[in-house]
$ cat coords-v2.pdb   # PDB, C-alpha atoms
ATOM      1  CA  MET P   1     111.632 -50.866 134.742
ATOM      2  CA  THR P   2     108.242 -52.147 135.883
ATOM      3  CA  SER P   3     108.471 -55.648 134.376
ATOM      4  CA  THR P   4     111.370 -56.689 136.640
ATOM      5  CA  ALA P   5     109.305 -55.891 139.728
ATOM      6  CA  LEU P   6     106.410 -58.167 138.727
ATOM      7  CA  GLU P   7     106.188 -61.812 139.716
ATOM      8  CA  PRO P   8     105.146 -64.309 137.018
ATOM      9  CA  PRO P   9     101.634 -65.701 137.480
ATOM     10  CA  ALA P  10     101.141 -69.211 138.746
ATOM     11  CA  VAL P  11     101.249 -72.015 136.170
ATOM     12  CA  GLY P  12      97.813 -73.201 135.168
ATOM     13  CA  GLU P  13      96.027 -70.001 136.194
ATOM     14  CA  PRO P  14      93.342 -68.916 133.656
ATOM     15  CA  ALA P  15      94.573 -66.311 131.133
ATOM     16  CA  PRO P  16      91.947 -63.604 131.962
ATOM     17  CA  ARG P  17      92.744 -63.875 135.646
ATOM     18  CA  ARG P  18      96.485 -63.693 134.916
ATOM     19  CA  ARG P  19      96.012 -60.551 132.816
ATOM     20  CA  GLN P  20      93.891 -58.968 135.531
ATOM     21  CA  ALA P  21      96.500 -59.753 138.183
ATOM     22  CA  THR P  22      99.223 -58.275 135.948
ATOM     23  CA  ARG P  23      97.215 -55.082 135.406
ATOM     24  CA  GLN P  24      96.641 -54.712 139.127
ATOM     25  CA  LYS P  25     100.347 -55.094 139.876
ATOM     26  CA  LEU P  26     101.218 -52.590 137.126
ATOM     27  CA  THR P  27      98.690 -50.118 138.513
ATOM     28  CA  ALA P  28     100.036 -50.498 142.048
ATOM     29  CA  HIS P  29     103.605 -50.056 140.832
ATOM     30  CA  ARG P  30     102.734 -46.946 138.863
ATOM     31  CA  ARG P  31     100.949 -45.462 141.865
ATOM     32  CA  LYS P  32     104.012 -46.111 143.957
ATOM     33  CA  GLU P  33     106.234 -44.394 141.388
ATOM     34  CA  ALA P  34     103.845 -41.427 141.196
ATOM     35  CA  LEU P  35     103.765 -41.143 144.991
ATOM     36  CA  THR P  36     107.561 -41.176 145.099
ATOM     37  CA  PHE P  37     107.692 -38.476 142.408
ATOM     38  CA  TYR P  38     105.288 -36.188 144.264
ATOM     39  CA  LEU P  39     107.128 -36.834 147.525
ATOM     40  CA  PHE P  40     110.441 -35.688 146.071
ATOM     41  CA  ILE P  41     108.991 -32.674 144.227
ATOM     42  CA  SER P  42     106.829 -31.509 147.132
ATOM     43  CA  PRO P  43     109.522 -29.289 148.782
ATOM     44  CA  TRP P  44     109.861 -27.282 145.571
ATOM     45  CA  VAL P  45     106.088 -27.097 145.054
ATOM     46  CA  ILE P  46     105.521 -25.935 148.636
ATOM     47  CA  GLY P  47     108.294 -23.353 148.349
ATOM     48  CA  PHE P  48     106.959 -22.101 145.012
ATOM     49  CA  VAL P  49     103.387 -21.749 146.278
ATOM     50  CA  VAL P  50     104.284 -20.223 149.659
ATOM     51  CA  PHE P  51     107.165 -17.927 148.699
ATOM     52  CA  LEU P  52     106.465 -17.051 145.051
ATOM     53  CA  LEU P  53     102.997 -17.777 143.690
ATOM     54  CA  GLY P  54     101.169 -16.803 146.892
ATOM     55  CA  PRO P  55     102.906 -13.414 147.298
ATOM     56  CA  MET P  56     102.449 -12.704 143.582
ATOM     57  CA  LEU P  57      98.702 -13.288 143.741
ATOM     58  CA  PHE P  58      98.464 -11.266 146.947
ATOM     59  CA  SER P  59     100.377  -8.383 145.344
ATOM     60  CA  ILE P  60      97.951  -8.390 142.406
ATOM     61  CA  TYR P  61      95.121  -7.945 144.887
ATOM     62  CA  LEU P  62      97.028  -5.251 146.790
ATOM     63  CA  SER P  63      97.627  -3.277 143.580
ATOM     64  CA  PHE P  64      93.877  -2.573 143.504
ATOM     65  CA  THR P  65      93.785  -1.397 147.130
ATOM     66  CA  GLU P  66      95.151   1.174 149.522
ATOM     67  CA  TRP P  67      97.001  -0.575 152.330
ATOM     68  CA  ASP P  68      99.487   0.692 154.898
ATOM     69  CA  SER P  69     100.233  -2.838 156.260
ATOM     70  CA  PHE P  70      98.626  -1.918 159.621
ATOM     71  CA  THR P  71      94.952  -1.555 158.773
ATOM     72  CA  ALA P  72      92.647  -3.510 156.491
ATOM     73  CA  PRO P  73      93.137  -2.967 152.732
ATOM     74  CA  VAL P  74      90.622  -0.609 151.104
ATOM     75  CA  TRP P  75      89.558  -1.498 147.559
ATOM     76  CA  VAL P  76      90.185   1.367 145.114
ATOM     77  CA  GLY P  77      89.999  -0.488 141.797
ATOM     78  CA  LEU P  78      92.224   0.923 139.054
ATOM     79  CA  ASP P  79      92.990   4.171 140.898
ATOM     80  CA  ASN P  80      96.612   3.214 141.607
ATOM     81  CA  TYR P  81      97.297   2.396 137.954
ATOM     82  CA  ILE P  82      95.483   5.491 136.683
ATOM     83  CA  THR P  83      97.410   7.731 139.070
ATOM     84  CA  LEU P  84     100.740   6.190 138.081
ATOM     85  CA  LEU P  85     100.163   6.445 134.341
ATOM     86  CA  THR P  86      98.407   9.814 134.171
ATOM     87  CA  ASP P  87      99.013  11.848 137.331
ATOM     88  CA  ASP P  88     102.452  10.956 138.704
ATOM     89  CA  PRO P  89     105.252  12.842 136.919
ATOM     90  CA  ILE P  90     107.880  11.226 139.114
ATOM     91  CA  PHE P  91     106.855   7.737 137.974
ATOM     92  CA  MET P  92     107.099   8.663 134.297
ATOM     93  CA  LYS P  93     110.527  10.186 134.916
ATOM     94  CA  VAL P  94     111.587   7.068 136.812
ATOM     95  CA  MET P  95     110.491   4.782 133.965
ATOM     96  CA  GLY P  96     112.393   7.018 131.541
ATOM     97  CA  ASN P  97     115.510   6.742 133.722
ATOM     98  CA  THR P  98     115.131   2.969 133.884
ATOM     99  CA  ALA P  99     114.651   2.653 130.114
ATOM    100  CA  TYR P 100     117.665   4.926 129.504
ATOM    101  CA  TYR P 101     119.815   2.830 131.803
ATOM    102  CA  SER P 102     118.662  -0.442 130.265
ATOM    103  CA  LEU P 103     118.909   0.588 126.607
ATOM    104  CA  ILE P 104     122.505   1.783 127.047
ATOM    105  CA  SER P 105     123.977  -0.472 129.731
ATOM    106  CA  VAL P 106     122.789  -3.772 128.239
ATOM    107  CA  PRO P 107     124.187  -3.350 124.672
ATOM    108  CA  LEU P 108     127.340  -1.689 126.008
ATOM    109  CA  GLY P 109     127.926  -4.493 128.499
ATOM    110  CA  MET P 110     127.403  -7.121 125.798
ATOM    111  CA  VAL P 111     129.904  -5.412 123.473
ATOM    112  CA  VAL P 112     132.496  -5.154 126.254
ATOM    113  CA  SER P 113     131.951  -8.810 127.235
ATOM    114  CA  LEU P 114     132.319  -9.951 123.628
ATOM    115  CA  PHE P 115     135.464  -7.866 123.138
ATOM    116  CA  ILE P 116     137.108  -9.207 126.304
ATOM    117  CA  ALA P 117     136.075 -12.786 125.514
ATOM    118  CA  ASN P 118     137.602 -12.532 122.051
ATOM    119  CA  LEU P 119     140.867 -11.266 123.540
ATOM    120  CA  LEU P 120     140.978 -13.967 126.218
ATOM    121  CA  ASN P 121     140.286 -16.654 123.616
ATOM    122  CA  LYS P 122     143.684 -15.971 122.033
ATOM    123  CA  LYS P 123     146.609 -18.237 122.889
ATOM    124  CA  VAL P 124     148.608 -15.869 125.083
ATOM    125  CA  ARG P 125     150.674 -16.343 128.209
ATOM    126  CA  PHE P 126     148.858 -16.279 131.555
ATOM    127  CA  ARG P 127     145.532 -16.694 129.764
ATOM    128  CA  LYS P 128     143.992 -18.634 132.675
ATOM    129  CA  LEU P 129     145.109 -15.928 135.115
ATOM    130  CA  PHE P 130     143.540 -13.200 133.007
ATOM    131  CA  ARG P 131     140.290 -15.155 132.760
ATOM    132  CA  THR P 132     140.203 -15.496 136.528
ATOM    133  CA  LEU P 133     140.855 -11.776 137.039
ATOM    134  CA  VAL P 134     138.074 -10.854 134.615
ATOM    135  CA  TYR P 135     135.545 -13.023 136.433
ATOM    136  CA  LEU P 136     136.528 -12.033 139.989
ATOM    137  CA  PRO P 137     134.580  -8.709 140.013
ATOM    138  CA  HIS P 138     131.427 -10.680 139.219
ATOM    139  CA  LEU P 139     131.833 -12.499 142.547
ATOM    140  CA  ILE P 140     132.072  -9.342 144.654
ATOM    141  CA  PRO P 141     128.761  -8.468 146.388
ATOM    142  CA  ILE P 142     127.006  -5.548 144.766
ATOM    143  CA  VAL P 143     126.983  -3.600 148.044
ATOM    144  CA  ALA P 144     130.783  -3.747 148.209
ATOM    145  CA  VAL P 145     131.003  -2.746 144.540
ATOM    146  CA  ALA P 146     128.763   0.256 145.183
ATOM    147  CA  LEU P 147     130.928   1.405 148.096
ATOM    148  CA  ILE P 148     134.059   1.030 145.971
ATOM    149  CA  PHE P 149     132.594   3.114 143.157
ATOM    150  CA  GLN P 150     131.464   5.732 145.646
ATOM    151  CA  MET P 151     135.172   6.407 146.162
ATOM    152  CA  VAL P 152     135.983   6.030 142.452
ATOM    153  CA  PHE P 153     133.422   8.704 141.527
ATOM    154  CA  ALA P 154     134.505  11.162 144.238
ATOM    155  CA  PRO P 155     134.703  14.610 142.593
ATOM    156  CA  GLU P 156     138.203  15.583 143.731
ATOM    157  CA  ALA P 157     139.944  12.636 145.368
ATOM    158  CA  GLY P 158     138.400  10.007 143.126
ATOM    159  CA  PRO P 159     140.843   8.114 140.877
ATOM    160  CA  LEU P 160     138.586   8.552 137.832
ATOM    161  CA  ASN P 161     138.654  12.359 137.950
ATOM    162  CA  GLN P 162     142.348  12.309 138.824
ATOM    163  CA  ALA P 163     143.028  10.231 135.708
ATOM    164  CA  LEU P 164     140.971  12.667 133.612
ATOM    165  CA  ALA P 165     142.928  15.576 135.084
ATOM    166  CA  LEU P 166     146.163  14.055 133.760
ATOM    167  CA  ILE P 167     144.921  14.600 130.208
ATOM    168  CA  GLY P 168     143.532  18.046 130.908
ATOM    169  CA  ILE P 169     139.871  17.138 131.485
ATOM    170  CA  ASP P 170     138.012  18.561 134.450
ATOM    171  CA  GLY P 171     135.939  15.614 135.637
ATOM    172  CA  PRO P 172     132.308  16.172 136.669
ATOM    173  CA  ASN P 173     130.729  15.593 140.044
ATOM    174  CA  TRP P 174     129.483  12.207 138.904
ATOM    175  CA  LEU P 175     126.987  11.330 141.602
ATOM    176  CA  MET P 176     125.690  14.831 142.348
ATOM    177  CA  ASP P 177     125.242  16.119 138.790
ATOM    178  CA  ALA P 178     121.890  15.257 137.212
ATOM    179  CA  SER P 179     123.510  15.077 133.765
ATOM    180  CA  TRP P 180     126.218  12.599 134.780
ATOM    181  CA  VAL P 181     124.667  10.388 137.439
ATOM    182  CA  LYS P 182     123.098   7.922 134.978
ATOM    183  CA  PRO P 183     126.323   7.599 132.913
ATOM    184  CA  ALA P 184     128.107   6.917 136.209
ATOM    185  CA  LEU P 185     125.717   4.064 136.978
ATOM    186  CA  ILE P 186     126.197   2.702 133.454
ATOM    187  CA  LEU P 187     129.993   2.772 133.856
ATOM    188  CA  MET P 188     129.598   0.954 137.149
ATOM    189  CA  SER P 189     127.552  -1.780 135.452
ATOM    190  CA  LEU P 190     130.552  -2.613 133.215
ATOM    191  CA  TRP P 191     132.513  -3.666 136.300
ATOM    192  CA  GLN P 192     130.639  -6.952 136.419
ATOM    193  CA  ALA P 193     130.846  -7.847 132.728
ATOM    194  CA  GLY P 194     132.867 -10.940 133.652
ATOM    195  CA  GLY P 195     129.775 -13.135 133.964
ATOM    196  CA  GLY P 196     128.833 -12.649 130.321
ATOM    197  CA  THR P 197     132.482 -12.959 129.294
ATOM    198  CA  ILE P 198     132.800 -16.426 130.816
ATOM    199  CA  LEU P 199     129.678 -17.634 129.004
ATOM    200  CA  LEU P 200     130.997 -16.284 125.712
ATOM    201  CA  LEU P 201     134.351 -17.971 126.289
ATOM    202  CA  ALA P 202     132.580 -21.273 126.867
ATOM    203  CA  GLY P 203     130.698 -20.765 123.614
ATOM    204  CA  MET P 204     133.918 -19.971 121.745
ATOM    205  CA  ASN P 205     135.544 -23.154 122.997
ATOM    206  CA  GLY P 206     132.650 -25.125 121.510
ATOM    207  CA  ILE P 207     133.067 -23.764 117.977
ATOM    208  CA  PRO P 208     134.496 -26.476 115.661
ATOM    209  CA  LYS P 209     138.058 -25.721 114.569
ATOM    210  CA  GLU P 210     137.234 -26.980 111.072
ATOM    211  CA  LEU P 211     135.197 -23.834 110.443
ATOM    212  CA  TYR P 212     138.229 -21.622 111.052
ATOM    213  CA  GLU P 213     140.444 -23.869 108.933
ATOM    214  CA  ALA P 214     137.964 -23.652 106.060
ATOM    215  CA  ALA P 215     137.814 -19.869 106.434
ATOM    216  CA  GLU P 216     141.613 -19.620 106.338
ATOM    217  CA  ILE P 217     141.720 -21.720 103.176
ATOM    218  CA  ASP P 218     139.230 -19.307 101.609
ATOM    219  CA  GLY P 219     141.509 -16.420 102.548
ATOM    220  CA  ALA P 220     139.317 -14.867 105.239
ATOM    221  CA  SER P 221     140.982 -12.252 107.443
ATOM    222  CA  GLY P 222     140.857 -12.354 111.215
ATOM    223  CA  PHE P 223     137.959  -9.896 111.325
ATOM    224  CA  ARG P 224     136.118 -11.819 108.618
ATOM    225  CA  GLN P 225     136.557 -15.057 110.556
ATOM    226  CA  PHE P 226     135.144 -13.397 113.669
ATOM    227  CA  TRP P 227     132.162 -11.914 111.836
ATOM    228  CA  SER P 228     131.323 -14.957 109.672
ATOM    229  CA  VAL P 229     132.272 -17.825 112.003
ATOM    230  CA  THR P 230     132.631 -16.753 115.634
ATOM    231  CA  PHE P 231     129.731 -14.328 115.919
ATOM    232  CA  PRO P 232     127.045 -16.543 114.310
ATOM    233  CA  GLN P 233     128.092 -19.476 116.487
ATOM    234  CA  LEU P 234     127.878 -17.290 119.597
ATOM    235  CA  THR P 235     124.446 -15.811 118.918
ATOM    236  CA  PRO P 236     122.627 -18.264 121.266
ATOM    237  CA  VAL P 237     124.914 -17.172 124.127
ATOM    238  CA  ILE P 238     124.559 -13.517 123.138
ATOM    239  CA  PHE P 239     120.787 -13.946 123.115
ATOM    240  CA  PHE P 240     120.874 -15.453 126.616
ATOM    241  CA  ASN P 241     123.039 -12.551 127.844
ATOM    242  CA  LEU P 242     120.577 -10.126 126.237
ATOM    243  CA  ILE P 243     117.550 -11.596 128.014
ATOM    244  CA  MET P 244     119.275 -11.746 131.396
ATOM    245  CA  GLY P 245     120.667  -8.236 130.875
ATOM    246  CA  ILE P 246     117.219  -6.796 130.118
ATOM    247  CA  ILE P 247     115.700  -8.383 133.216
ATOM    248  CA  GLY P 248     118.593  -7.350 135.449
ATOM    249  CA  SER P 249     118.821  -3.768 134.185
ATOM    250  CA  PHE P 250     115.138  -3.062 134.783
ATOM    251  CA  GLN P 251     115.530  -4.401 138.321
ATOM    252  CA  VAL P 252     118.591  -2.328 139.268
ATOM    253  CA  PHE P 253     118.350  -1.408 142.940
ATOM    254  CA  ALA P 254     121.423  -1.603 145.176
ATOM    255  CA  GLN P 255     123.554   0.803 143.125
ATOM    256  CA  VAL P 256     120.918   3.519 143.242
ATOM    257  CA  PHE P 257     119.922   2.873 146.839
ATOM    258  CA  ILE P 258     123.506   3.069 148.137
ATOM    259  CA  LEU P 259     125.147   5.625 145.851
ATOM    260  CA  THR P 260     122.518   8.262 145.124
ATOM    261  CA  GLY P 261     119.229   7.425 146.832
ATOM    262  CA  GLY P 262     117.579   8.395 143.567
ATOM    263  CA  GLY P 263     118.994  11.930 143.481
ATOM    264  CA  PRO P 264     119.770  14.532 142.526
ATOM    265  CA  ASP P 265     116.197  15.617 141.746
ATOM    266  CA  ASN P 266     115.184  12.011 140.927
ATOM    267  CA  ALA P 267     117.704  12.004 138.045
ATOM    268  CA  SER P 268     118.930   8.530 139.032
ATOM    269  CA  GLN P 269     115.745   7.140 140.550
ATOM    270  CA  MET P 270     114.810   3.766 139.057
ATOM    271  CA  ALA P 271     111.653   1.662 139.171
ATOM    272  CA  VAL P 272     112.626  -0.803 141.903
ATOM    273  CA  PRO P 273     114.017   1.828 144.324
ATOM    274  CA  MET P 274     110.812   3.836 143.840
ATOM    275  CA  LEU P 275     108.788   0.685 144.511
ATOM    276  CA  PHE P 276     110.812   0.110 147.693
ATOM    277  CA  ASP P 277     110.289   3.696 148.872
ATOM    278  CA  GLU P 278     106.552   3.665 148.248
ATOM    279  CA  ALA P 279     105.958   0.276 149.848
ATOM    280  CA  PHE P 280     108.422   0.156 152.757
ATOM    281  CA  ARG P 281     109.227   3.783 153.562
ATOM    282  CA  PHE P 282     105.885   5.484 152.946
ATOM    283  CA  TYR P 283     103.768   2.340 153.575
ATOM    284  CA  HIS P 284     101.844   2.697 150.318
ATOM    285  CA  MET P 285     101.745  -1.037 149.740
ATOM    286  CA  GLY P 286      98.998  -0.899 147.130
ATOM    287  CA  TYR P 287     100.768   1.826 145.159
ATOM    288  CA  GLY P 288     104.053  -0.085 145.342
ATOM    289  CA  SER P 289     102.346  -3.264 144.142
ATOM    290  CA  ALA P 290     100.940  -1.388 141.152
ATOM    291  CA  ILE P 291     104.463  -0.184 140.300
ATOM    292  CA  ALA P 292     105.701  -3.771 140.526
ATOM    293  CA  TRP P 293     103.100  -5.074 138.079
ATOM    294  CA  ILE P 294     103.627  -2.244 135.596
ATOM    295  CA  LEU P 295     107.339  -3.032 135.736
ATOM    296  CA  PHE P 296     106.541  -6.709 135.210
ATOM    297  CA  VAL P 297     104.531  -5.890 132.078
ATOM    298  CA  VAL P 298     107.346  -3.675 130.735
ATOM    299  CA  ILE P 299     109.977  -6.389 131.293
ATOM    300  CA  MET P 300     107.752  -8.985 129.652
ATOM    301  CA  ALA P 301     107.193  -6.666 126.670
ATOM    302  CA  PHE P 302     110.917  -6.129 126.106
ATOM    303  CA  THR P 303     111.601  -9.838 126.593
ATOM    304  CA  ALA P 304     108.850 -10.777 124.134
ATOM    305  CA  LEU P 305     110.292  -8.300 121.624
ATOM    306  CA  ALA P 306     113.707  -9.917 121.966
ATOM    307  CA  PHE P 307     112.236 -13.377 121.409
ATOM    308  CA  ALA P 308     110.158 -12.166 118.449
ATOM    309  CA  THR P 309     113.229 -10.782 116.689
ATOM    310  CA  SER P 310     115.612 -13.592 117.656
ATOM    311  CA  GLY P 311     114.710 -15.686 114.618
ATOM    312  CA  ARG P 312     116.370 -13.104 112.377
ATOM    313  CA  TRP P 313     119.803 -13.189 113.988
ATOM    314  CA  VAL P 314     120.135 -16.121 116.416
ATOM    315  CA  PHE P 315     121.690 -19.174 114.785
ATOM    316  CA  TYR P 316     121.402 -22.681 116.237
ATOM    317  CA  GLU P 317     123.758 -25.279 114.825
ATOM    318  CA  SER P 318     121.073 -27.979 114.611
ATOM    319  CA  GLU P 319     118.559 -25.624 113.004
ATOM    320  CA  VAL P 320     117.683 -26.026 109.336
ATOM    321  CA  ARG P 321     116.298 -22.867 107.772
ATOM    322  CA  GLN P 322     114.235 -22.854 104.634
TER     323      GLN P 322
END

$ encode --input "coords-v2.pdb" --output "structure tokens"
Amino acid sequence: MTSTALEPPAVGEPAPRRRQATRQKLTAHRRKEALTFYLFISPWVIGFVVFLLGPMLFSIYLSFTEWDSFTAPVWVGLDNYITLLTDDPIFMKVMGNTAYYSLISVPLGMVVSLFIANLLNKKVRFRKLFRTLVYLPHLIPIVAVALIFQMVFAPEAGPLNQALALIGIDGPNWLMDASWVKPALILMSLWQAGGGTILLLAGMNGIPKELYEAAEIDGASGFRQFWSVTFPQLTPVIFFNLIMGIIGSFQVFAQVFILTGGGPDNASQMAVPMLFDEAFRFYHMGYGSAIAWILFVVIMAFTALAFATSGRWVFYESEVRQ
């Protein structure tokens, strides 16, 4: 690319001088390319530093202080972290609620997505329509979804309890019963399983047909074909859904904030709503920052665990295993 922009040296010019002139032109051209690169990337760099890296570093500092956002921060060292981990029973309960929600909703959502994707991968009539209908709930804003499920979970007039009554089951007061509020939130999370379903469908369409033909020749049943051909080929997509599901489940906020406010008796309170309350309702910015960084460490730990175990079950087509 650079050679076309250089002019040939004059005939009869000494060789050392020609080489020096060529090096100077190459250097100038490379500087111009570098300047253009930094010019085009500068909006992203500025946005990253101002809106992400800067606030992150500031929140690390705040986590070691007491600050109400009106007066100067007061340095307290590790007091916020010590209080959270040893002297705040609500925080430990909140982290237990968050872990419970994540450990059940993520695998359950992945199983439901895989089941629906396998059904929609069949050659049936109106397949494109069904795929569209499955993905549509994923496009609805989470606030609207929460308001819809507030009516669905209504104890008497709600359609869910009415459907249970038809088969002789007295439905619980989903959002006001401490034993049922977390299962209600988990059921609500399945409403938006369409995002993972679409990714799995894309992965299924990329599986070579020759693998299924070879399996049929060997006499493999439909279930055996799914388990030995489809599932291994989909493990990279499943792994991606797992990572995104872990991150999203630990950051659940709108559902709790709108439906329950963390009640009853903090039975549905999660980490991010507690962070929001401490920082923006009670103006404990330092305490809220400490919650944020503990949550960050927990998410990173679960993500690292998923990556550490992925080599045992994630299959990449181009990978050669010893």

$ closest_residue --input "coords-v2.pdb" --among "P:Leu133, P:Val272, P:Ala304, P:Ala99" --to "P:Ala290" --atoms "all atoms listed in the file"
P:Val272

$ closest_residue --input "coords-v2.pdb" --among "P:Ala178, P:Ala184, P:Val111, P:Ala21" --to "P:Gly196" --atoms "only C-alpha atoms"
P:Val111

$ closest_atom_pairs --input "coords-v2.pdb" --of "stretch 173-254 of chain P" --to "stretch 84-97 of chain P" --cutoff "12 Å" --atoms "only C-alpha atoms" --output "Markdown table"
| residue | atom | partner | partner_atom | distance |
| --- | --- | --- | --- | --- |
| P:Ala178 | CA | P:Asn97 | CA | 11.2 |
| P:Ser179 | CA | P:Asn97 | CA | 11.6 |
| P:Val181 | CA | P:Asn97 | CA | 10.5 |
| P:Lys182 | CA | P:Asn97 | CA | 7.8 |
| P:Pro183 | CA | P:Asn97 | CA | 10.9 |
| P:Leu185 | CA | P:Asn97 | CA | 11.0 |
| P:Ile186 | CA | P:Asn97 | CA | 11.4 |
| P:Ser249 | CA | P:Asn97 | CA | 11.0 |
| P:Phe250 | CA | P:Met95 | CA | 9.2 |
| P:Gln251 | CA | P:Met95 | CA | 11.3 |
| P:Val252 | CA | P:Asn97 | CA | 11.1 |

$ atom_distance --input "coords-v2.pdb" --atom1 "atom CA of P:Pro155" --atom2 "atom CA of P:Asn173"
4.8 Å

$ resolve_selection --input "coords-v2.pdb" --expression "the PyMOL selection byres ((chain P and resi 302) around 12)" --output "list of chain:residue names"
P:Ala99, P:Ser102, P:Leu103, P:Leu242, P:Ile243, P:Met244, P:Gly245, P:Ile246, P:Ile247, P:Ser249, P:Phe250, P:Leu295, P:Phe296, P:Val297, P:Val298, P:Ile299, P:Met300, P:Ala301, P:Thr303, P:Ala304, P:Leu305, P:Ala306, P:Phe307, P:Ala308, P:Thr309

$ decode --input "coords-v2.pdb" --residues "stretch 212-223 of chain P" --atoms "N, CA and C atoms" --output "compact mmCIF listing (two decimals), in the first residue's frame"
# COMPACT_ATOMS: atom_id res chain seq x y z
N TYR P 212 -25.27 -35.65 9.71
CA TYR P 212 -26.55 -36.33 9.97
C TYR P 212 -26.73 -37.52 9.03
N GLU P 213 -26.30 -37.36 7.78
CA GLU P 213 -26.42 -38.48 6.83
C GLU P 213 -25.56 -39.66 7.28
N ALA P 214 -24.36 -39.37 7.77
CA ALA P 214 -23.50 -40.45 8.27
C ALA P 214 -24.11 -41.11 9.50
N ALA P 215 -24.74 -40.30 10.37
CA ALA P 215 -25.37 -40.87 11.56
C ALA P 215 -26.55 -41.75 11.18
N GLU P 216 -27.32 -41.35 10.18
CA GLU P 216 -28.46 -42.16 9.74
C GLU P 216 -27.99 -43.48 9.15
N ILE P 217 -26.89 -43.43 8.41
CA ILE P 217 -26.35 -44.67 7.83
C ILE P 217 -25.92 -45.63 8.94
N ASP P 218 -25.39 -45.07 10.03
CA ASP P 218 -24.98 -45.90 11.16
C ASP P 218 -26.15 -46.36 12.02
N GLY P 219 -27.35 -45.91 11.68
CA GLY P 219 -28.54 -46.34 12.41
C GLY P 219 -28.83 -45.55 13.67
N ALA P 220 -28.32 -44.34 13.77
CA ALA P 220 -28.55 -43.52 14.96
C ALA P 220 -29.99 -43.01 14.99
N SER P 221 -30.61 -43.06 16.17
CA SER P 221 -31.96 -42.54 16.33
C SER P 221 -31.94 -41.01 16.35
N GLY P 222 -33.14 -40.43 16.37
CA GLY P 222 -33.21 -38.97 16.41
C GLY P 222 -32.55 -38.40 17.65
N PHE P 223 -32.78 -39.02 18.81
CA PHE P 223 -32.16 -38.53 20.03
C PHE P 223 -30.65 -38.70 19.98
